[in-house]
>>> print(open('my_file_21.cif').read())   # mmCIF, C-alpha atoms and all ligand atoms
data_run
#
loop_
_atom_site.label_atom_id
_atom_site.label_comp_id
_atom_site.auth_asym_id
_atom_site.auth_seq_id
_atom_site.Cartn_x
_atom_site.Cartn_y
_atom_site.Cartn_z
CA MET A 7 6.55 -34.85 -4.69
CA SER A 8 6.25 -31.80 -2.45
CA PRO A 9 9.30 -31.20 -0.23
CA THR A 10 8.86 -31.75 3.50
CA VAL A 11 8.64 -28.63 5.64
CA PRO A 12 12.13 -29.12 7.18
CA ALA A 13 13.58 -29.29 3.64
CA VAL A 14 11.94 -25.98 2.85
CA GLU A 15 13.25 -24.42 6.06
CA ARG A 16 16.77 -25.38 4.99
CA ILE A 17 16.45 -23.34 1.83
CA THR A 18 18.57 -20.22 1.74
CA ILE A 19 17.58 -16.98 0.10
CA ARG A 20 20.50 -14.98 -1.31
CA LYS A 21 21.58 -12.90 -4.29
CA CYS A 22 22.47 -14.87 -7.41
CA SER A 23 25.87 -14.26 -8.87
CA GLY A 24 27.74 -15.41 -11.95
CA ILE A 25 26.62 -16.73 -15.30
CA GLU A 26 25.78 -20.25 -14.07
CA GLU A 27 23.29 -19.01 -11.48
CA PHE A 28 21.71 -16.60 -13.99
CA LYS A 29 21.42 -19.52 -16.46
CA ALA A 30 19.62 -21.49 -13.77
CA CYS A 31 17.12 -18.59 -13.52
CA VAL A 32 16.49 -18.74 -17.28
CA ASP A 33 15.94 -22.52 -17.05
CA LEU A 34 13.54 -22.16 -14.13
CA GLN A 35 11.70 -19.42 -15.99
CA LYS A 36 11.15 -21.85 -18.89
CA GLU A 37 9.99 -24.55 -16.52
CA VAL A 38 7.53 -22.30 -14.63
CA TRP A 39 5.96 -20.35 -17.52
CA ASN A 40 6.55 -22.77 -20.41
CA PHE A 41 6.89 -19.79 -22.76
CA ASP A 42 7.91 -20.00 -26.41
CA ASP A 43 11.59 -19.06 -26.79
CA LEU A 44 10.66 -15.61 -28.13
CA ASP A 45 8.90 -14.72 -24.87
CA ILE A 46 11.82 -15.71 -22.64
CA VAL A 47 13.83 -13.09 -20.77
CA PRO A 48 17.31 -14.08 -21.94
CA LEU A 49 20.51 -14.59 -19.95
CA ARG A 50 21.90 -11.27 -21.13
CA MET A 51 19.07 -9.37 -19.46
CA PHE A 52 19.88 -11.03 -16.15
CA VAL A 53 23.54 -10.03 -16.57
CA VAL A 54 22.63 -6.44 -17.44
CA SER A 55 20.05 -6.09 -14.69
CA GLU A 56 22.50 -7.15 -12.01
CA LYS A 57 25.00 -4.54 -13.23
CA ILE A 58 22.56 -1.60 -13.34
CA GLY A 59 21.06 -1.84 -9.87
CA GLY A 60 18.41 -4.53 -10.43
CA GLN A 61 17.86 -7.59 -8.27
CA ILE A 62 18.31 -11.28 -8.97
CA ILE A 63 17.59 -13.09 -5.75
CA GLY A 64 17.47 -16.87 -5.58
CA ALA A 65 16.05 -19.56 -3.30
CA PHE A 66 18.62 -22.35 -3.07
CA ASP A 67 18.28 -25.95 -1.98
CA GLY A 68 22.01 -26.57 -1.56
CA SER A 69 23.40 -25.41 -4.88
CA GLN A 70 20.14 -26.02 -6.76
CA LEU A 71 18.02 -22.98 -7.64
CA VAL A 72 14.36 -23.61 -6.74
CA GLY A 73 13.03 -20.06 -6.97
CA PHE A 74 14.02 -16.55 -7.95
CA ALA A 75 12.88 -12.92 -7.98
CA PHE A 76 14.10 -10.66 -10.76
CA SER A 77 13.79 -6.87 -10.93
CA ILE A 78 15.08 -3.96 -12.94
CA PRO A 79 15.44 -0.31 -11.92
CA GLY A 80 12.96 2.20 -13.31
CA SER A 81 12.14 5.87 -12.93
CA ARG A 82 8.82 7.75 -12.88
CA ASN A 83 8.46 11.53 -12.65
CA GLY A 84 12.00 11.78 -11.35
CA HIS A 85 11.60 9.04 -8.73
CA PRO A 86 13.72 5.90 -8.94
CA TYR A 87 11.94 2.62 -8.15
CA LEU A 88 12.32 -1.09 -8.81
CA HIS A 89 10.12 -3.02 -11.23
CA SER A 90 9.97 -6.68 -10.26
CA HIS A 91 9.46 -8.51 -13.52
CA MET A 92 9.38 -12.12 -12.33
CA LEU A 93 8.80 -14.19 -9.22
CA ALA A 94 9.00 -17.93 -9.65
CA VAL A 95 9.09 -20.96 -7.36
CA ARG A 96 9.47 -24.51 -8.66
CA ASP A 97 6.11 -26.26 -8.52
CA SER A 98 7.11 -28.88 -5.94
CA PHE A 99 8.37 -26.17 -3.54
CA ARG A 100 5.28 -23.95 -3.61
CA ASN A 101 3.03 -22.98 -0.72
CA HIS A 102 5.80 -23.19 1.87
CA GLY A 103 6.47 -19.45 2.06
CA LEU A 104 9.35 -19.24 -0.42
CA GLY A 105 7.58 -16.73 -2.68
CA ARG A 106 7.03 -14.48 0.33
CA ARG A 107 10.60 -14.91 1.54
CA LEU A 108 11.93 -13.93 -1.90
CA LYS A 109 9.79 -10.79 -1.84
CA LEU A 110 10.94 -9.91 1.70
CA ALA A 111 14.56 -10.25 0.53
CA GLN A 112 13.75 -7.90 -2.36
CA ARG A 113 12.35 -5.39 0.12
CA GLU A 114 15.40 -5.60 2.38
CA ASP A 115 17.77 -5.09 -0.55
CA ALA A 116 15.61 -2.26 -1.95
CA ILE A 117 15.68 -0.42 1.39
CA ALA A 118 19.46 -0.83 1.55
CA LYS A 119 19.71 0.67 -1.95
CA GLY A 120 17.52 3.65 -0.95
CA PHE A 121 14.31 2.76 -2.83
CA GLU A 122 10.79 3.41 -1.48
CA LEU A 123 8.79 1.55 -4.12
CA LEU A 124 8.80 -1.88 -5.70
CA GLU A 125 6.22 -2.48 -8.40
CA TRP A 126 5.15 -5.51 -10.38
CA THR A 127 2.18 -6.57 -12.42
CA PHE A 128 -0.07 -9.53 -11.72
CA ASP A 129 -3.01 -11.20 -13.39
CA PRO A 130 -6.17 -10.14 -11.52
CA LEU A 131 -7.65 -13.58 -12.20
CA GLU A 132 -4.89 -15.28 -10.14
CA ILE A 133 -6.45 -15.73 -6.70
CA LYS A 134 -3.27 -17.06 -5.13
CA ASN A 135 -1.09 -14.19 -6.34
CA ALA A 136 -3.63 -11.56 -5.25
CA HIS A 137 -3.67 -13.05 -1.74
CA LEU A 138 0.14 -13.14 -1.56
CA ASN A 139 0.55 -9.60 -2.89
CA LEU A 140 -2.23 -7.77 -1.03
CA VAL A 141 -2.65 -9.75 2.18
CA ARG A 142 0.73 -11.29 2.92
CA LEU A 143 2.99 -8.52 1.59
CA GLY A 144 0.83 -5.38 1.95
CA ALA A 145 1.11 -4.28 -1.67
CA LEU A 146 -1.92 -2.44 -3.09
CA ALA A 147 -3.30 -1.96 -6.60
CA ARG A 148 -4.98 1.08 -8.13
CA ARG A 149 -3.88 0.83 -11.77
CA TYR A 150 -5.15 -1.58 -14.41
CA SER A 151 -3.47 -2.30 -17.72
CA VAL A 152 -5.55 -3.94 -20.47
CA ASN A 153 -3.78 -6.68 -22.48
CA HIS A 154 -0.48 -5.45 -21.01
CA TYR A 155 1.92 -7.71 -22.95
CA GLY A 156 -0.35 -8.53 -25.90
CA PHE A 157 -1.20 -12.22 -26.24
CA SER A 158 1.20 -14.59 -24.46
CA SER A 159 2.48 -18.07 -25.28
CA SER A 160 2.35 -19.15 -21.61
CA PRO A 161 -0.32 -21.75 -20.82
CA LEU A 162 -0.76 -19.94 -17.46
CA GLN A 163 -2.51 -17.19 -19.45
CA GLY A 164 -4.99 -19.61 -21.04
CA GLY A 165 -5.11 -17.66 -24.32
CA LEU A 166 -6.84 -14.65 -22.68
CA PRO A 167 -5.70 -11.03 -23.05
CA THR A 168 -2.83 -10.34 -20.64
CA ASP A 169 -4.70 -7.92 -18.37
CA ARG A 170 -2.62 -6.89 -15.38
CA LEU A 171 -2.99 -5.03 -12.14
CA VAL A 172 0.01 -3.00 -11.03
CA ALA A 173 1.05 -3.94 -7.51
CA GLU A 174 2.61 -1.01 -5.68
CA TRP A 175 4.68 -2.03 -2.69
CA TRP A 176 5.49 1.11 -0.72
CA ILE A 177 8.10 -0.58 1.38
CA LYS A 178 8.43 2.17 3.99
CA SER A 179 4.69 2.97 4.25
CA ARG A 180 2.80 2.61 7.53
CA ARG A 181 0.68 -0.08 5.86
CA VAL A 182 3.68 -2.26 5.02
CA ILE A 183 5.67 -1.62 8.19
CA ASN A 184 2.66 -2.40 10.41
CA LEU A 185 1.99 -5.63 8.52
CA LEU A 186 5.52 -6.94 8.17
CA GLU A 187 7.17 -5.61 11.30
CA LYS A 188 4.25 -5.46 13.77
CA ASP A 189 2.02 -8.21 12.34
CA THR A 190 -0.93 -5.78 12.15
CA SER A 191 -3.20 -6.01 9.12
CA PRO A 192 -4.29 -2.69 7.58
CA GLN A 193 -7.74 -1.41 8.57
CA PHE A 194 -9.97 0.29 6.00
CA ARG A 195 -13.66 0.61 5.11
CA VAL A 196 -14.55 -1.79 2.28
CA GLU A 197 -16.53 0.21 -0.29
CA LYS A 198 -16.66 -2.38 -3.05
CA LYS A 199 -15.80 -6.03 -3.71
CA VAL A 200 -14.79 -7.61 -7.00
CA SER A 201 -14.94 -11.39 -7.00
CA VAL A 202 -13.10 -14.17 -8.84
CA PRO A 203 -14.60 -17.69 -8.84
CA ALA A 204 -12.40 -20.59 -7.69
CA GLN A 205 -13.10 -22.38 -11.00
CA ILE A 206 -11.16 -19.71 -12.93
CA TYR A 207 -8.02 -21.88 -13.18
CA ALA A 208 -9.99 -24.82 -14.62
CA TRP A 209 -11.89 -22.53 -16.99
CA LYS A 210 -8.68 -20.96 -18.33
CA ALA A 211 -7.19 -24.40 -18.94
CA SER A 212 -10.19 -25.80 -20.85
CA ASP A 213 -11.06 -24.92 -24.45
CA ALA A 214 -14.74 -25.54 -23.73
CA ASP A 215 -14.90 -23.35 -20.60
CA ARG A 216 -12.50 -20.55 -21.62
CA PRO A 217 -15.39 -18.23 -22.64
CA LYS A 218 -16.51 -18.29 -18.98
CA ALA A 219 -13.04 -17.13 -17.89
CA ALA A 220 -13.09 -14.45 -20.59
CA GLU A 221 -16.47 -13.25 -19.30
CA VAL A 222 -15.14 -12.92 -15.72
CA GLN A 223 -12.09 -11.07 -17.02
CA LYS A 224 -14.25 -8.62 -18.99
CA ARG A 225 -16.62 -8.00 -16.07
CA ASN A 226 -13.84 -7.54 -13.51
CA ARG A 227 -11.84 -5.30 -15.86
CA GLN A 228 -14.78 -2.90 -16.05
CA GLN A 229 -15.45 -3.03 -12.31
CA LEU A 230 -11.83 -2.45 -11.35
CA LEU A 231 -11.33 0.34 -13.89
CA ASP A 232 -14.48 2.09 -12.62
CA ALA A 233 -13.38 1.69 -9.01
CA PHE A 234 -9.88 3.03 -9.66
CA ARG A 235 -11.26 6.01 -11.56
CA SER A 236 -13.38 6.87 -8.54
CA GLY A 237 -10.32 6.90 -6.29
CA LEU A 238 -10.61 3.43 -4.78
CA ALA A 239 -7.66 1.05 -4.46
CA ALA A 240 -7.50 -2.72 -3.97
CA LEU A 241 -6.27 -2.77 -0.37
CA GLY A 242 -7.24 -6.27 0.68
CA TYR A 243 -8.33 -9.67 -0.55
CA GLU A 244 -10.44 -12.39 0.95
CA ARG A 245 -10.89 -16.06 0.12
CA ASP A 246 -13.86 -18.16 1.17
CA ALA A 247 -13.95 -21.82 2.13
CA GLN A 248 -14.65 -22.81 -1.51
CA GLY A 249 -11.54 -20.99 -2.74
CA ASN A 250 -13.34 -18.04 -4.36
CA GLY A 251 -11.47 -14.74 -4.07
CA SER A 252 -12.58 -11.10 -3.73
CA PHE A 253 -10.69 -7.86 -4.05
CA LEU A 254 -11.57 -5.50 -1.21
CA LEU A 255 -11.56 -1.91 -2.39
CA GLY A 256 -11.27 1.14 -0.19
CA ARG A 257 -9.51 4.48 0.12
CA TRP A 258 -5.86 4.48 1.09
CA ASP A 259 -5.17 6.97 3.87
CA GLU A 260 -1.48 7.47 3.01
CA ASN A 261 -0.06 9.78 0.36
CA TRP A 262 2.66 7.71 -1.28
CA SER A 263 2.53 8.20 -5.05
CA TYR A 264 4.83 8.85 -8.00
CA ALA A 265 1.72 9.25 -10.21
CA SER A 266 0.70 6.66 -12.77
CA GLY A 267 1.64 6.33 -16.41
CA PRO A 268 -0.85 7.41 -19.11
CA GLU A 269 -1.19 3.86 -20.44
CA GLU A 270 -3.16 2.60 -17.44
CA ASN A 271 -6.75 3.03 -16.23
CA GLY A 272 -7.98 4.43 -19.49
CA ASN A 273 -7.73 2.12 -22.45
CA GLU A 274 -10.26 -0.61 -21.88
CA ASP A 275 -12.02 -0.24 -25.23
C1 LIG B 301 3.47 -17.04 -7.30
C2 LIG B 301 4.54 -17.98 -6.71
C3 LIG B 301 5.92 -17.40 -6.97
C4 LIG B 301 4.28 -18.06 -5.19
O1 LIG B 301 5.30 -18.85 -4.60
P1 LIG B 301 5.02 -19.71 -3.26
O2 LIG B 301 6.34 -20.12 -2.72
O3 LIG B 301 4.01 -20.76 -3.52
O4 LIG B 301 4.36 -18.56 -2.33
P2 LIG B 301 4.10 -18.58 -0.75
O5 LIG B 301 4.10 -19.99 -0.25
O6 LIG B 301 5.01 -17.60 -0.11
O7 LIG B 301 2.64 -17.93 -0.68
C5 LIG B 301 1.55 -18.50 -1.34
C6 LIG B 301 0.27 -18.10 -0.63
O8 LIG B 301 -0.85 -18.40 -1.48
C7 LIG B 301 -1.73 -19.29 -0.80
N1 LIG B 301 -2.39 -20.12 -1.81
C8 LIG B 301 -1.93 -21.26 -2.38
N2 LIG B 301 -2.83 -21.71 -3.29
C9 LIG B 301 -3.85 -20.83 -3.31
C10 LIG B 301 -5.06 -20.72 -4.05
N3 LIG B 301 -5.42 -21.61 -5.00
N4 LIG B 301 -5.87 -19.67 -3.81
C11 LIG B 301 -5.54 -18.76 -2.90
N5 LIG B 301 -4.40 -18.78 -2.16
C12 LIG B 301 -3.57 -19.82 -2.37
C13 LIG B 301 -0.84 -20.05 0.15
O9 LIG B 301 -1.59 -20.60 1.21
C14 LIG B 301 0.06 -18.92 0.63
O10 LIG B 301 -0.61 -18.06 1.54
P3 LIG B 301 -0.33 -18.13 3.12
O11 LIG B 301 1.10 -17.73 3.32
O12 LIG B 301 -1.29 -17.12 3.68
O13 LIG B 301 -0.62 -19.53 3.54
C15 LIG B 301 4.43 -19.41 -7.32
O14 LIG B 301 3.11 -19.88 -7.14
C16 LIG B 301 4.77 -19.45 -8.81
O15 LIG B 301 5.94 -19.60 -9.18
N6 LIG B 301 3.74 -19.31 -9.67
C17 LIG B 301 3.92 -19.31 -11.14
C18 LIG B 301 4.55 -18.01 -11.64
C19 LIG B 301 3.79 -16.78 -11.17
O16 LIG B 301 2.57 -16.70 -11.21
N7 LIG B 301 4.57 -15.77 -10.69
C20 LIG B 301 4.04 -14.54 -10.13
C21 LIG B 301 3.68 -13.55 -11.15
S1 LIG B 301 5.10 -12.87 -11.96
#
>>> encode(input="my_file_21.cif", output="structure tokens")
Amino acid sequence: MSPTVPAVERITIRKCSGIEEFKACVDLQKEVWNFDDLDIVPLRMFVVSEKIGGQIIGAFDGSQLVGFAFSIPGSRNGHPYLHSHMLAVRDSFRNHGLGRRLKLAQREDAIAKGFELLEWTFDPLEIKNAHLNLVRLGALARRYSVNHYGFSSSPLQGGLPTDRLVAEWWIKSRRVINLLEKDTSPQFRVEKKVSVPAQIYAWKASDADRPKAAEVQKRNRQQLLDAFRSGLAALGYERDAQGNGSFLLGRWDENWSYASGPEENGNED
């Protein structure tokens, strides 16, 4: 059963510490993604990450972990940044703002540590995640990675190639500050839309309908790669009353960039 709103408001967001809390993250990871053991990020990686400047931030209902955000430090062209590898909220606690609160805590901690950029990847077929990332947090995407992790054992992937968009969260940009601190959504001219049908979740989960999901993935991959190569970025997202989603692509008018890696935006074949 879904928790009541007051129960969710009682939940505290704080850094995890100690082996037991890191173990709880590993357990929640298994619960949320249902990966085979080989695909699991093990306890040792949580221990290491915390020691080398990464982030393990938990959402706690009393002493019980109900969500976490996990990131590791990275570097690109001489610029340090944080790569957020996982964000998870227990199913029964979802859609009450905990995912967003975990990300905001990541941002606060990243600013305190002197970072300007948090990145993570997300499946462009996930309508909910695109809305959270682009609309609610102010991240943007302009890099596409084809079959990023190879094939995955998680049922969330539905047996499709693990295509990912890279979310860039420039945490001190005008775009993010206006959205998060002044409640002002970014304005831009929409030059292209790339749509995802609401049925995508059902199609991924069904053997009979999976080819339809694969077809959408293939079409959107090409459209997004073409758009990114022409200098567009996914700056917004819209959902209609039926639950269909659309990426809104335009030109970002700020100059934040550490330049992308060679593996993205070029290997769709
Ligand atoms: C992604 C995840 C962490 C989000 O956590 P959460 O606590 O539900 O997130 P929030 O409540 O802060 O935000 C969810 C937003 O999506 C919206 N949403 C929910 N279902 C949706 C759907 N089917 N389509 C579009 N938007 C949807 C919610 O309304 C909310 O937006 P709002 O704040 O504008 O109302 C959680 O769903 C999860 O653990 N998913 C499985 C693992 C995963 O995909 N992790 C992220 C990639 S690493």
>>> closest_residue(input="my_file_21.cif", among="A:Ala173, A:Val95, A:Leu254, A:Ala247", to="ligand LIG 301 (chain B)", atoms="all atoms listed in the file")
A:Val95
>>> residues_around(input="my_file_21.cif", residues="region 200-207 of chain A", least_positions_apart="4", cutoff="9 Å", atoms="all atoms listed in the file", output="compact mmCIF listing (two decimals) with C-alpha atoms, in the coordinates of the input")
# COMPACT_ATOMS: atom_id res chain seq x y z
CA PRO A 130 -6.17 -10.14 -11.52
CA LEU A 131 -7.65 -13.58 -12.20
CA GLU A 132 -4.89 -15.28 -10.14
CA ILE A 133 -6.45 -15.73 -6.70
CA LEU A 162 -0.76 -19.94 -17.46
CA GLY A 164 -4.99 -19.61 -21.04
CA ALA A 211 -7.19 -24.40 -18.94
CA SER A 212 -10.19 -25.80 -20.85
CA ARG A 216 -12.50 -20.55 -21.62
CA LYS A 218 -16.51 -18.29 -18.98
CA ALA A 219 -13.04 -17.13 -17.89
CA VAL A 222 -15.14 -12.92 -15.72
CA GLN A 223 -12.09 -11.07 -17.02
CA ASN A 226 -13.84 -7.54 -13.51
CA GLN A 229 -15.45 -3.03 -12.31
CA LEU A 230 -11.83 -2.45 -11.35
CA GLN A 248 -14.65 -22.81 -1.51
CA GLY A 249 -11.54 -20.99 -2.74
CA ASN A 250 -13.34 -18.04 -4.36
CA GLY A 251 -11.47 -14.74 -4.07
CA SER A 252 -12.58 -11.10 -3.73
CA PHE A 253 -10.69 -7.86 -4.05
CA LEU A 254 -11.57 -5.50 -1.21
CA LEU A 255 -11.56 -1.91 -2.39
>>> closest_residue(input="my_file_21.cif", among="A:Arg257, A:Arg82, A:His91, A:Arg149", to="Leu171 (chain A)", atoms="all atoms listed in the file")
A:Arg149
>>> atom_distance(input="my_file_21.cif", atom1="CA of Asp246 (chain A)", atom2="CA of Glu187 (chain A)")
26.5 Å
>>> closest_residue(input="my_file_21.cif", among="A:Asp67, A:Asp232, A:Glu37, A:Glu260", to="ligand LIG 301 (chain B)", atoms="only C-alpha atoms and all ligand atoms")
A:Glu37
>>> atom_distance(input="my_file_21.cif", atom1="CA of His137 (chain A)", atom2="atom N3 of ligand LIG 301 (chain B)")
9.3 Å
>>> residues_around(input="my_file_21.cif", residues="region 23-27 of chain A", least_positions_apart="6", cutoff="10 Å", atoms="all atoms listed in the file", output="compact mmCIF listing (two decimals) with C-alpha atoms, in the frame of the given file")
# COMPACT_ATOMS: atom_id res chain seq x y z
CA ASP A 33 15.94 -22.52 -17.05
CA LEU A 49 20.51 -14.59 -19.95
CA ARG A 50 21.90 -11.27 -21.13
CA PHE A 52 19.88 -11.03 -16.15
CA VAL A 53 23.54 -10.03 -16.57
CA GLU A 56 22.50 -7.15 -12.01
CA ILE A 62 18.31 -11.28 -8.97
CA ILE A 63 17.59 -13.09 -5.75
CA GLY A 64 17.47 -16.87 -5.58
CA SER A 69 23.40 -25.41 -4.88
CA GLN A 70 20.14 -26.02 -6.76
CA LEU A 71 18.02 -22.98 -7.64
>>> residues_near_ligand(input="my_file_21.cif", ligand="ligand LIG 301 (chain B)", cutoff="9 Å", atoms="all atoms listed in the file", output="MDAnalysis selection string")
chainID A and resid 35 38:39 73:75 90:97 99:109 126:129 132:139 141:142 162 204 207 244:245 249:251
>>> write_last_selection(input="my_file_21.cif", atoms="C-alpha atoms", output="PDB file, keeping the file's coordinate frame")
ATOM      1  CA  GLN A  35      11.700 -19.420 -15.990  1.00  0.00           C
ATOM      2  CA  VAL A  38       7.530 -22.300 -14.630  1.00  0.00           C
ATOM      3  CA  TRP A  39       5.960 -20.350 -17.520  1.00  0.00           C
ATOM      4  CA  GLY A  73      13.030 -20.060  -6.970  1.00  0.00           C
ATOM      5  CA  PHE A  74      14.020 -16.550  -7.950  1.00  0.00           C
ATOM      6  CA  ALA A  75      12.880 -12.920  -7.980  1.00  0.00           C
ATOM      7  CA  SER A  90       9.970  -6.680 -10.260  1.00  0.00           C
ATOM      8  CA  HIS A  91       9.460  -8.510 -13.520  1.00  0.00           C
ATOM      9  CA  MET A  92       9.380 -12.120 -12.330  1.00  0.00           C
ATOM     10  CA  LEU A  93       8.800 -14.190  -9.220  1.00  0.00           C
ATOM     11  CA  ALA A  94       9.000 -17.930  -9.650  1.00  0.00           C
ATOM     12  CA  VAL A  95       9.090 -20.960  -7.360  1.00  0.00           C
ATOM     13  CA  ARG A  96       9.470 -24.510  -8.660  1.00  0.00           C
ATOM     14  CA  ASP A  97       6.110 -26.260  -8.520  1.00  0.00           C
ATOM     15  CA  PHE A  99       8.370 -26.170  -3.540  1.00  0.00           C
ATOM     16  CA  ARG A 100       5.280 -23.950  -3.610  1.00  0.00           C
ATOM     17  CA  ASN A 101       3.030 -22.980  -0.720  1.00  0.00           C
ATOM     18  CA  HIS A 102       5.800 -23.190   1.870  1.00  0.00           C
ATOM     19  CA  GLY A 103       6.470 -19.450   2.060  1.00  0.00           C
ATOM     20  CA  LEU A 104       9.350 -19.240  -0.420  1.00  0.00           C
ATOM     21  CA  GLY A 105       7.580 -16.730  -2.680  1.00  0.00           C
ATOM     22  CA  ARG A 106       7.030 -14.480   0.330  1.00  0.00           C
ATOM     23  CA  ARG A 107      10.600 -14.910   1.540  1.00  0.00           C
ATOM     24  CA  LEU A 108      11.930 -13.930  -1.900  1.00  0.00           C
ATOM     25  CA  LYS A 109       9.790 -10.790  -1.840  1.00  0.00           C
ATOM     26  CA  TRP A 126       5.150  -5.510 -10.380  1.00  0.00           C
ATOM     27  CA  THR A 127       2.180  -6.570 -12.420  1.00  0.00           C
ATOM     28  CA  PHE A 128      -0.070  -9.530 -11.720  1.00  0.00           C
ATOM     29  CA  ASP A 129      -3.010 -11.200 -13.390  1.00  0.00           C
ATOM     30  CA  GLU A 132      -4.890 -15.280 -10.140  1.00  0.00           C
ATOM     31  CA  ILE A 133      -6.450 -15.730  -6.700  1.00  0.00           C
ATOM     32  CA  LYS A 134      -3.270 -17.060  -5.130  1.00  0.00           C
ATOM     33  CA  ASN A 135      -1.090 -14.190  -6.340  1.00  0.00           C
ATOM     34  CA  ALA A 136      -3.630 -11.560  -5.250  1.00  0.00           C
ATOM     35  CA  HIS A 137      -3.670 -13.050  -1.740  1.00  0.00           C
ATOM     36  CA  LEU A 138       0.140 -13.140  -1.560  1.00  0.00           C
ATOM     37  CA  ASN A 139       0.550  -9.600  -2.890  1.00  0.00           C
ATOM     38  CA  VAL A 141      -2.650  -9.750   2.180  1.00  0.00           C
ATOM     39  CA  ARG A 142       0.730 -11.290   2.920  1.00  0.00           C
ATOM     40  CA  LEU A 162      -0.760 -19.940 -17.460  1.00  0.00           C
ATOM     41  CA  ALA A 204     -12.400 -20.590  -7.690  1.00  0.00           C
ATOM     42  CA  TYR A 207      -8.020 -21.880 -13.180  1.00  0.00           C
ATOM     43  CA  GLU A 244     -10.440 -12.390   0.950  1.00  0.00           C
ATOM     44  CA  ARG A 245     -10.890 -16.060   0.120  1.00  0.00           C
ATOM     45  CA  GLY A 249     -11.540 -20.990  -2.740  1.00  0.00           C
ATOM     46  CA  ASN A 250     -13.340 -18.040  -4.360  1.00  0.00           C
ATOM     47  CA  GLY A 251     -11.470 -14.740  -4.070  1.00  0.00           C
TER      48      GLY A 251
END
>>> residues_around(input="my_file_21.cif", residues="Met51 (chain A)", least_positions_apart="3", cutoff="10 Å", atoms="all atoms listed in the file", output="ChimeraX atom specification")
/A:28,32,47-48,54-57,78
>>> residues_around(input="my_file_21.cif", residues="Asp42 (chain A)", least_positions_apart="6", cutoff="9 Å", atoms="only C-alpha atoms", output="list in words")
Lys36, Ser158, Ser159 and Ser160 of chain A
>>> closest_residue(input="my_file_21.cif", among="A:Pro9, A:Gly144, A:Gly156, A:Pro79", to="Asp169 (chain A)", atoms="all atoms listed in the file")
A:Gly156
>>> closest_residue(input="my_file_21.cif", among="A:Lys119, A:Arg225, A:Arg195, A:Arg113", to="Trp175 (chain A)", atoms="only C-alpha atoms")
A:Arg113
>>> closest_residue(input="my_file_21.cif", among="A:Tyr155, A:Phe76, A:Phe234, A:Tyr150", to="Leu124 (chain A)", atoms="all atoms listed in the file")
A:Phe76
>>> residues_around(input="my_file_21.cif", residues="Ile117 (chain A)", least_positions_apart="4", cutoff="12 Å", atoms="only C-alpha atoms", output="list in words")
Tyr87, Leu88, Leu110, Ala111, Gln112, Arg113, Phe121, Glu122, Leu123, Leu124, Trp175, Trp176, Ile177, Lys178 and Ser179 of chain A
>>> atom_distance(input="my_file_21.cif", atom1="CA of Ser263 (chain A)", atom2="CA of Glu197 (chain A)")
21.2 Å
>>> axis_aligned_box(input="my_file_21.cif", around="region 141-144 of chain A", padding_each_side="3 Å", output="lines of an AutoDock Vina configuration file")
center_x = 0.2
center_y = -8.3
center_z = 2.3
size_x = 11.6
size_y = 11.9
size_z = 7.3
>>> build_atoms(input="my_file_21.cif", residues="region 95-103 of chain A", atoms="N, CA, C and O atoms", output="PDB file, in the coordinates of the input")
ATOM      1  N   VAL A  95       8.678 -19.883  -8.276  1.00  0.00           N
ATOM      2  CA  VAL A  95       9.090 -20.960  -7.360  1.00  0.00           C
ATOM      3  C   VAL A  95       8.757 -22.277  -8.048  1.00  0.00           C
ATOM      4  O   VAL A  95       7.656 -22.423  -8.618  1.00  0.00           O
ATOM      5  N   ARG A  96       9.712 -23.199  -8.035  1.00  0.00           N
ATOM      6  CA  ARG A  96       9.470 -24.510  -8.660  1.00  0.00           C
ATOM      7  C   ARG A  96       8.219 -25.143  -8.052  1.00  0.00           C
ATOM      8  O   ARG A  96       8.008 -25.079  -6.836  1.00  0.00           O
ATOM      9  N   ASP A  97       7.421 -25.746  -8.919  1.00  0.00           N
ATOM     10  CA  ASP A  97       6.110 -26.260  -8.520  1.00  0.00           C
ATOM     11  C   ASP A  97       6.149 -27.056  -7.214  1.00  0.00           C
ATOM     12  O   ASP A  97       5.350 -26.836  -6.297  1.00  0.00           O
ATOM     13  N   SER A  98       7.105 -27.977  -7.100  1.00  0.00           N
ATOM     14  CA  SER A  98       7.110 -28.880  -5.940  1.00  0.00           C
ATOM     15  C   SER A  98       7.522 -28.166  -4.639  1.00  0.00           C
ATOM     16  O   SER A  98       7.442 -28.754  -3.573  1.00  0.00           O
ATOM     17  N   PHE A  99       7.956 -26.912  -4.733  1.00  0.00           N
ATOM     18  CA  PHE A  99       8.370 -26.170  -3.540  1.00  0.00           C
ATOM     19  C   PHE A  99       7.364 -25.083  -3.148  1.00  0.00           C
ATOM     20  O   PHE A  99       7.621 -24.297  -2.241  1.00  0.00           O
ATOM     21  N   ARG A 100       6.232 -25.043  -3.859  1.00  0.00           N
ATOM     22  CA  ARG A 100       5.280 -23.950  -3.610  1.00  0.00           C
ATOM     23  C   ARG A 100       4.473 -24.136  -2.326  1.00  0.00           C
ATOM     24  O   ARG A 100       4.381 -25.231  -1.803  1.00  0.00           O
ATOM     25  N   ASN A 101       3.910 -23.017  -1.890  1.00  0.00           N
ATOM     26  CA  ASN A 101       3.030 -22.980  -0.720  1.00  0.00           C
ATOM     27  C   ASN A 101       3.737 -23.336   0.584  1.00  0.00           C
ATOM     28  O   ASN A 101       3.118 -23.843   1.518  1.00  0.00           O
ATOM     29  N   HIS A 102       5.036 -23.059   0.631  1.00  0.00           N
ATOM     30  CA  HIS A 102       5.800 -23.190   1.870  1.00  0.00           C
ATOM     31  C   HIS A 102       6.466 -21.865   2.236  1.00  0.00           C
ATOM     32  O   HIS A 102       7.470 -21.844   2.945  1.00  0.00           O
ATOM     33  N   GLY A 103       5.975 -20.773   1.665  1.00  0.00           N
ATOM     34  CA  GLY A 103       6.470 -19.450   2.060  1.00  0.00           C
ATOM     35  C   GLY A 103       7.690 -18.949   1.298  1.00  0.00           C
ATOM     36  O   GLY A 103       8.208 -17.871   1.608  1.00  0.00           O
TER      37      GLY A 103
END
